[in-house]
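What follows is a set of notes on a single structure, which appears directly below.
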Amino acid sequence: MAVLTLVQAVNHALRDEMQKNDRVVILGEDVGVNGGVFRATEGLLQLYGPNRVIDTPLAESGIIGVSIGMALYGLRPVAEIQFLDFIYPAFDQIESELAKFRYRSGGQFVAPVLIRTPYGGSIKGSHYHSQSTEAFFAHTPGLKVVIPATPYDAKGLLTSALRDPDPVMFLEPKKIYRTVRGEVPDDEYTVPIGKANIARDGGDVVIFAYGAMLHVALEAADLAAGKGINVEVVDIRTIAPFDIETIMSSVKKTGRVVILHEACKTCGFGAEIAAQIAERGILNLKAPIVRVAGFDVPFPYALEEEYMPNAKRVLNAVERVYNF
Amino acid sequence: MTLELLQVIKPSGELVEEMDPGIPGDELRRLYRLMVLTRNLDTRGTQLQRQGRIGFFVGCLGQEAAHIGSAYALKPEDWIFPAYREIGAMLCRGITLTQLLDQYYANAEDVEKGRQLTNLFGLKKANYVTGSAPIATQIPHAVGAALAAKILGDPIVTMAYFGDGATSENDFHTGMNFAGVFKTPTVFFCHNNHWAISVPVERQTASETIAIKALAYGFEGVRVDGNDILAVYRTTKEAVDKARKGGGPTLIEAVTYRMGPHTSSDDPKRYRSEAELAEWQKRDPLLRFRKYLEKKKMWTEADELKVQDETNREIEEAVQHAEKLPKPALETLFSDVYAEMPWNLEEQLRELQAEMQGSES
């Protein structure tokens with residue numbers, strides 16, 4: 001078992017699955033010779049050659065549109081979009097085409113394209129290298145949206161995504177590409193799509209989080225423990241389809257809920273979690289649900305630290321629901 | 001620089017002998033029959049919509065030669081990525097009237113399970129990919145499938161159909177650019193039918209022709225009389241053969257005319273003159289091909305009456321079959337979103353079923 005960074009775990013999942021399945025091909029900007037701007041595809045061109053690791057023209061709708069055609073024909077394309085912030089030229093391809101092929105063709109044509117893209121803030125990247133717009137994709141029937149928060153999950157979830165029969169958006173929290181390390185088995189394993197993980201067991205309050213925010217939640221839980229509050233932390237891991245059973249079981253267990261994400265608060269994915277809890281278990285709640293999220297503003301630059309949810313803000317929320 | 005307009009049959013019906021693609025006589029007769037079938041299906045589809053028996057119709061009046069001449073140049077293993085108007089191409093591909101009428105009626109036997117507007121159809125076994133309403137999105141798909149085939153070493157060709165309006169879209173540029181860079185076996189077949197709903201082709205591009213745009217992407221563009229089925233076939237066959245041999249993509253501009261409305265929701269009188277339409281009616285692709293066949297002694301008035309009667313009867317049988325069938329089952333509202341139904345869809349299906357049972361009792 002090796003200790004890897006999250007981006008290394010991504011690289012290993014791609015490397016191993018490409019070894020196993022010669023239908024897996026990678027395409028995107030700078031993915032070949034350069035190994036990706038974050039080095040997620042480093043070494044793969046050398047291993048698998050230019051027919052399977054394809055540097056494309058600079059055109060996101062082309063990367064996704066061409067990937068759809070490849071998938072319809074029977075390959076398993078992995079499309080890298082360099083930053084989630086640059087995906088919008090391909091939005092039509094994702095929303096109108098990728099997500100709808102199986103449905104609109106009556107199940108005849110399927111396009112299991114995997115879209116990998118780094119997302120999220122705290123890297124001093126301003127608007128266009130920082131946003132967290134996962135909710136757009138979770139709001140699109142036909143897509144699965146997976147967000148790993150640890151190296152172990154990154155490899156296991158990506159391996160599952162590479163074998164999934166449906167299109168998958170695989171959003172990689174770039175803030176923790178290299179800051180989070182963890183043990184990752186050398187051997188093949190999978191982590192199932194659609195299952196949350198109880199990252200920390202606790203009975204007083206539950207924090208629901210995903211991506212880089214998982215680590216903020218864990219930090220806040222440590223701080224809360226110092227104040228005698230026993231916090232459970234659930235890593236959502238897949239936001240479409242999300243794991244309602246684990247969510248509701250933690251709600252029933254604690255009765256106090258904090259939802260954490262770095263995306264804008266209004267219509268963020270936390271709103272869906274809160275609504276589901278209200279519909280299914282409002283009488284289990286001992287306090288109002290509190291969301292800690294990014295603000296409803298374009299992503300800032302100078303005031304990035306103030307924008308990003310941190311452990312202190314989350315701790316305040318935990319104390320609010322605990323002392324309600 | 002102007003690209004010349006290629007013709008094989010002159011408007012008079014005379015053949016330009018040196019351009020003859022050499023299709024056998026019985027095949028020529030079959031192609032004409034397909035054109036008549038397409039025309040009659042178009043007429044019947046429009047009537048059914050006007051009578052309120054189907055919800056919507058998108059027709060292809062005047063574009064039959066361009067559809068059939070191009071699709072006929074492909075092998076069965078080649079793939080078509082259509083826009084949404086290519087009824088002639090579908091029939092040429094072996095998609096049956098029953099399959100089409102079931103789709104028009106969006107009934108329980110529709111292979112698309114009643115999920116798409118009329119003629120937004122696809123059939124896997126015909127390698128005819130299910131289309132969509134957004135414009136030009138299918139162009140990069142055709143390039144991707146061709147690139148996949150090239151990587152796998154399959155000697156197939158992909159064809160993307162689109163209209164003149166589509167050439168203004170990003171995905172036209174993107175698809176052409178990727179095809180040029182990766183030299184994919186793709187034929188880009190543009191139906192320049194002069195109108196994108198109410199906007200004329202002059203408002204889509206200041207380029208002298210559409211075909212000429214190919215040069216900037218590093219491959220050949222050709223311009224063909226889209227109302228001349230033999231010219232369309234000859235041009236497409238050359239492009240297809242070149243692509244199959246590794247010669248890369250071609251852009252074909254078929255100059256034709258949409259003689260009908262954009263869809264059943266459109267009234268072309270609002271934006272174009274009767275005189276313009278009358279001018280193009282004289283160039284009707286069916287008339288041109290029939291004149292040619294008659295000159296060649298391959299077609300008679302008796303043949304014409306027989307084929308008109310047969311095709312209308314076949315269409316009517318498919319209408320009668322389709323009209324009797326019920327809507328798709330309620331479950332199909334939720335199936336095929338994913339390979340397996342996730343919990344939220346299962347829950348919503350159960351809730352809807354319970355509500356519907358409640359409202360029945």
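Starting from 1 in every chain, residues are counted up; chains themselves are A, B, ... following the order of the structure tokens, and ligands are numbered from 1 as listed.
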Write out as number ranges by chain all residues of range 37-162 of chain A that backbone DSSP assigns to helix (DSSP H, G or I).
-> A: 44-48, 60-73, 84-86, 88-104, 127-129, 134-138, 151-162
Next, write the just-selected residues to a file, as a tab-separated table (two decimals), in the first residue's frame, keeping C-alpha atoms as the atom set.
chain	number	residue	atom	x	y	z
A	44	LEU	CA	-0.05	7.82	-19.82
A	45	LEU	CA	0.93	8.96	-23.32
A	46	GLN	CA	4.21	7.08	-22.91
A	47	LEU	CA	2.38	3.96	-21.71
A	48	TYR	CA	-0.54	3.90	-24.13
A	60	GLU	CA	-14.43	22.18	-24.86
A	61	SER	CA	-17.57	21.50	-26.90
A	62	GLY	CA	-15.37	19.58	-29.33
A	63	ILE	CA	-13.77	17.53	-26.56
A	64	ILE	CA	-17.15	16.53	-25.16
A	65	GLY	CA	-18.95	16.31	-28.53
A	66	VAL	CA	-16.24	14.14	-30.05
A	67	SER	CA	-16.18	12.01	-26.88
A	68	ILE	CA	-19.91	11.42	-27.26
A	69	GLY	CA	-19.38	10.18	-30.82
A	70	MET	CA	-16.57	7.91	-29.66
A	71	ALA	CA	-18.74	6.50	-26.89
A	72	LEU	CA	-21.67	5.91	-29.26
A	73	TYR	CA	-19.28	3.91	-31.42
A	84	LEU	CA	-14.75	23.28	-14.46
A	85	ASP	CA	-14.93	27.02	-15.08
A	86	PHE	CA	-14.20	26.38	-18.78
A	88	TYR	CA	-19.61	26.07	-20.55
A	89	PRO	CA	-18.88	25.93	-24.30
A	90	ALA	CA	-19.67	22.21	-23.86
A	91	PHE	CA	-22.78	22.78	-21.73
A	92	ASP	CA	-25.07	22.20	-24.73
A	93	GLN	CA	-23.29	18.94	-25.50
A	94	ILE	CA	-23.59	17.81	-21.86
A	95	GLU	CA	-27.17	18.91	-21.25
A	96	SER	CA	-28.80	18.39	-24.65
A	97	GLU	CA	-26.83	15.41	-25.90
A	98	LEU	CA	-24.78	13.44	-23.38
A	99	ALA	CA	-27.43	13.34	-20.66
A	100	LYS	CA	-30.26	12.49	-23.03
A	101	PHE	CA	-28.98	9.93	-25.51
A	102	ARG	CA	-30.16	6.82	-23.67
A	103	TYR	CA	-33.57	8.28	-22.92
A	104	ARG	CA	-34.36	9.90	-26.24
A	127	HIS	CA	-13.48	33.54	-11.04
A	128	TYR	CA	-12.27	31.30	-13.77
A	129	HIS	CA	-10.22	28.74	-11.89
A	134	GLU	CA	-21.76	21.00	-9.38
A	135	ALA	CA	-25.45	21.76	-8.84
A	136	PHE	CA	-25.97	22.42	-12.57
A	137	PHE	CA	-25.06	18.84	-13.30
A	138	ALA	CA	-26.90	17.31	-10.36
A	151	PRO	CA	-7.00	9.59	-2.38
A	152	TYR	CA	-8.56	6.21	-1.52
A	153	ASP	CA	-11.97	7.30	-2.75
A	154	ALA	CA	-10.51	9.06	-5.79
A	155	LYS	CA	-9.04	5.83	-7.11
A	156	GLY	CA	-11.98	3.63	-6.10
A	157	LEU	CA	-14.67	5.99	-7.35
A	158	LEU	CA	-12.84	6.75	-10.59
A	159	THR	CA	-12.46	3.04	-11.29
A	160	SER	CA	-16.21	2.62	-10.76
A	161	ALA	CA	-16.91	5.62	-12.99
A	162	LEU	CA	-14.73	4.16	-15.75
Interface, chain B side, toward chain A (6 Å; only C-alpha atoms) as a PyMOL selection string | chain B and resi 111-113+115+124+130+140-142+144-145+148+174+336-338
May I have the residues within 7 Å of Arg178 in chain A as a ChimeraX atom specification, using only C-alpha atoms and disregarding those fewer than 4 positions away in the same chain?
-> /A:5-7
Mind checking which residues fall within 8 Å of range 250-254 of chain B, counting only C-alpha atoms, ignoring those fewer than 5 positions away in the same chain, and posting them as a PyMOL selection string?
-> chain B and resi 66+186-192+210-211+214+219-226+232+235-236+239+243
Using the selection just defined, write its residues with N, CA and C atoms as an mmCIF file, in the first residue's frame.
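In the end it all went to part37.cif:
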data_model
loop_
_atom_site.group_PDB
_atom_site.id
_atom_site.type_symbol
_atom_site.label_atom_id
_atom_site.label_comp_id
_atom_site.auth_asym_id
_atom_site.auth_seq_id
_atom_site.Cartn_x
_atom_site.Cartn_y
_atom_site.Cartn_z
ATOM 1 N N ALA B 66 -31.513 15.155 -52.357
ATOM 2 C CA ALA B 66 -30.325 15.345 -51.523
ATOM 3 C C ALA B 66 -30.257 14.276 -50.432
ATOM 4 N N THR B 186 -14.969 11.327 -42.331
ATOM 5 C CA THR B 186 -16.278 11.954 -42.109
ATOM 6 C C THR B 186 -16.699 12.714 -43.359
ATOM 7 N N VAL B 187 -17.968 12.585 -43.720
ATOM 8 C CA VAL B 187 -18.534 13.416 -44.787
ATOM 9 C C VAL B 187 -19.514 14.386 -44.136
ATOM 10 N N PHE B 188 -19.257 15.663 -44.317
ATOM 11 C CA PHE B 188 -20.149 16.697 -43.795
ATOM 12 C C PHE B 188 -21.101 17.075 -44.924
ATOM 13 N N PHE B 189 -22.372 16.759 -44.750
ATOM 14 C CA PHE B 189 -23.325 16.978 -45.834
ATOM 15 C C PHE B 189 -24.290 18.094 -45.438
ATOM 16 N N CYS B 190 -24.085 19.248 -46.037
ATOM 17 C CA CYS B 190 -24.916 20.412 -45.721
ATOM 18 C C CYS B 190 -26.039 20.542 -46.740
ATOM 19 N N HIS B 191 -27.274 20.500 -46.242
ATOM 20 C CA HIS B 191 -28.413 20.831 -47.096
ATOM 21 C C HIS B 191 -28.571 22.343 -47.065
ATOM 22 N N ASN B 192 -28.053 22.998 -48.065
ATOM 23 C CA ASN B 192 -28.305 24.446 -48.157
ATOM 24 C C ASN B 192 -29.669 24.620 -48.791
ATOM 25 N N ILE B 210 -20.971 27.867 -49.060
ATOM 26 C CA ILE B 210 -20.709 27.140 -47.810
ATOM 27 C C ILE B 210 -19.545 26.178 -48.025
ATOM 28 N N ALA B 211 -19.502 25.568 -49.207
ATOM 29 C CA ALA B 211 -18.469 24.563 -49.499
ATOM 30 C C ALA B 211 -17.060 25.115 -49.283
ATOM 31 N N ALA B 214 -14.629 24.755 -46.171
ATOM 32 C CA ALA B 214 -13.812 23.570 -45.897
ATOM 33 C C ALA B 214 -12.323 23.859 -46.061
ATOM 34 N N PHE B 219 -9.377 20.767 -45.742
ATOM 35 C CA PHE B 219 -9.856 19.684 -46.601
ATOM 36 C C PHE B 219 -10.785 20.230 -47.683
ATOM 37 N N GLU B 220 -11.259 19.328 -48.520
ATOM 38 C CA GLU B 220 -11.970 19.734 -49.726
ATOM 39 C C GLU B 220 -13.446 20.049 -49.447
ATOM 40 N N GLY B 221 -13.946 21.066 -50.135
ATOM 41 C CA GLY B 221 -15.373 21.362 -50.134
ATOM 42 C C GLY B 221 -15.889 21.283 -51.553
ATOM 43 N N VAL B 222 -17.070 20.682 -51.730
ATOM 44 C CA VAL B 222 -17.649 20.598 -53.072
ATOM 45 C C VAL B 222 -19.096 21.066 -53.028
ATOM 46 N N ARG B 223 -19.558 21.563 -54.168
ATOM 47 C CA ARG B 223 -20.877 22.149 -54.243
ATOM 48 C C ARG B 223 -21.632 21.405 -55.326
ATOM 49 N N VAL B 224 -22.812 20.928 -54.952
ATOM 50 C CA VAL B 224 -23.550 20.076 -55.881
ATOM 51 C C VAL B 224 -24.997 20.551 -55.953
ATOM 52 N N ASP B 225 -25.602 20.343 -57.112
ATOM 53 C CA ASP B 225 -27.029 20.628 -57.279
ATOM 54 C C ASP B 225 -27.799 19.610 -56.439
ATOM 55 N N GLY B 226 -28.357 20.056 -55.357
ATOM 56 C CA GLY B 226 -29.020 19.147 -54.418
ATOM 57 C C GLY B 226 -30.346 18.624 -54.924
ATOM 58 N N VAL B 232 -25.848 14.293 -56.644
ATOM 59 C CA VAL B 232 -25.662 14.139 -55.193
ATOM 60 C C VAL B 232 -24.989 12.803 -54.910
ATOM 61 N N THR B 235 -21.242 12.808 -56.112
ATOM 62 C CA THR B 235 -20.405 13.638 -55.234
ATOM 63 C C THR B 235 -20.185 12.955 -53.884
ATOM 64 N N THR B 236 -21.268 12.430 -53.328
ATOM 65 C CA THR B 236 -21.156 11.801 -52.013
ATOM 66 C C THR B 236 -20.316 10.530 -52.097
ATOM 67 N N ALA B 239 -16.715 11.321 -52.065
ATOM 68 C CA ALA B 239 -16.278 11.742 -50.725
ATOM 69 C C ALA B 239 -16.189 10.544 -49.782
ATOM 70 N N ALA B 243 -12.839 9.037 -48.031
ATOM 71 C CA ALA B 243 -12.756 8.921 -46.567
ATOM 72 C C ALA B 243 -12.395 7.488 -46.168
#
Shell around Ala322 in chain B at 9 Å using only C-alpha atoms, local window under 2 positions removed, as a PyMOL selection string = chain B and resi 98-99+101-107+109-110+317-320+324-326
Same residues, N, CA and C atoms, saved as a CSV table (one decimal), in the first residue's frame:
chain,number,residue,atom,x,y,z
B,98,THR,N,-43.7,1.5,-40.8
B,98,THR,CA,-44.3,1.2,-39.5
B,98,THR,C,-43.4,1.8,-38.4
B,99,GLN,N,-42.1,1.7,-38.5
B,99,GLN,CA,-41.3,2.3,-37.5
B,99,GLN,C,-41.5,3.8,-37.4
B,101,LEU,N,-44.1,5.7,-38.6
B,101,LEU,CA,-45.5,6.1,-38.1
B,101,LEU,C,-45.7,5.8,-36.6
B,102,ASP,N,-45.1,4.7,-36.1
B,102,ASP,CA,-45.2,4.5,-34.7
B,102,ASP,C,-44.5,5.6,-33.9
B,103,GLN,N,-43.4,6.1,-34.5
B,103,GLN,CA,-42.7,7.2,-33.9
B,103,GLN,C,-43.6,8.5,-34.0
B,104,TYR,N,-44.2,8.7,-35.2
B,104,TYR,CA,-45.0,9.9,-35.3
B,104,TYR,C,-46.2,10.0,-34.3
B,105,TYR,N,-46.7,8.8,-34.1
B,105,TYR,CA,-47.8,8.7,-33.1
B,105,TYR,C,-47.3,8.5,-31.7
B,106,ALA,N,-46.0,8.4,-31.5
B,106,ALA,CA,-45.4,8.2,-30.2
B,106,ALA,C,-46.2,7.2,-29.4
B,107,ASN,N,-46.4,6.0,-30.0
B,107,ASN,CA,-47.2,5.0,-29.4
B,107,ASN,C,-46.3,3.9,-28.7
B,109,GLU,N,-45.4,1.1,-29.4
B,109,GLU,CA,-44.4,0.3,-30.2
B,109,GLU,C,-43.3,1.2,-30.8
B,110,ASP,N,-43.3,2.5,-30.5
B,110,ASP,CA,-42.3,3.4,-31.0
B,110,ASP,C,-41.0,2.9,-30.3
B,317,GLU,N,-51.5,1.9,-44.6
B,317,GLU,CA,-51.4,0.7,-43.7
B,317,GLU,C,-50.7,1.0,-42.4
B,318,ALA,N,-49.5,1.7,-42.5
B,318,ALA,CA,-48.7,2.1,-41.4
B,318,ALA,C,-49.5,3.0,-40.5
B,319,VAL,N,-50.2,4.0,-41.1
B,319,VAL,CA,-51.0,4.9,-40.3
B,319,VAL,C,-52.1,4.1,-39.5
B,320,GLN,N,-52.8,3.2,-40.2
B,320,GLN,CA,-53.8,2.5,-39.5
B,320,GLN,C,-53.3,1.7,-38.3
B,324,LYS,N,-53.9,2.7,-33.9
B,324,LYS,CA,-54.7,1.9,-33.0
B,324,LYS,C,-53.9,1.6,-31.7
B,325,LEU,N,-52.6,1.9,-31.7
B,325,LEU,CA,-51.8,1.5,-30.5
B,325,LEU,C,-51.9,2.5,-29.4
B,326,PRO,N,-51.9,2.0,-28.2
B,326,PRO,CA,-51.9,2.9,-27.0
B,326,PRO,C,-50.6,3.7,-26.8
Residues at most 6 Å from Gly294 in chain A, counting only C-alpha atoms, excluding those fewer than 2 positions away in the same chain, as number ranges by chain?
-> A: 262-265, 307-308
Dump as a short mmCIF file (atom, residue, chain, number, x, y, z; two decimals), in the first residue's frame, selection limited to N, CA and C atoms:
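And here is the file that came out, part14.cif:
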data_model
loop_
_atom_site.label_atom_id
_atom_site.label_comp_id
_atom_site.auth_asym_id
_atom_site.auth_seq_id
_atom_site.Cartn_x
_atom_site.Cartn_y
_atom_site.Cartn_z
N GLU A 262 -18.87 24.72 -0.73
CA GLU A 262 -18.25 25.98 -1.12
C GLU A 262 -18.99 26.67 -2.26
N ALA A 263 -19.92 25.97 -2.89
CA ALA A 263 -20.74 26.58 -3.94
C ALA A 263 -21.64 27.64 -3.33
N CYS A 264 -22.11 28.56 -4.17
CA CYS A 264 -23.07 29.58 -3.73
C CYS A 264 -24.22 28.92 -2.98
N LYS A 265 -24.73 29.64 -1.98
CA LYS A 265 -25.74 29.04 -1.11
C LYS A 265 -27.07 28.80 -1.84
N TYR A 307 -14.44 34.51 1.52
CA TYR A 307 -15.53 33.82 0.83
C TYR A 307 -15.61 32.35 1.24
N MET A 308 -14.45 31.70 1.29
CA MET A 308 -14.46 30.25 1.47
C MET A 308 -14.91 29.87 2.88
#
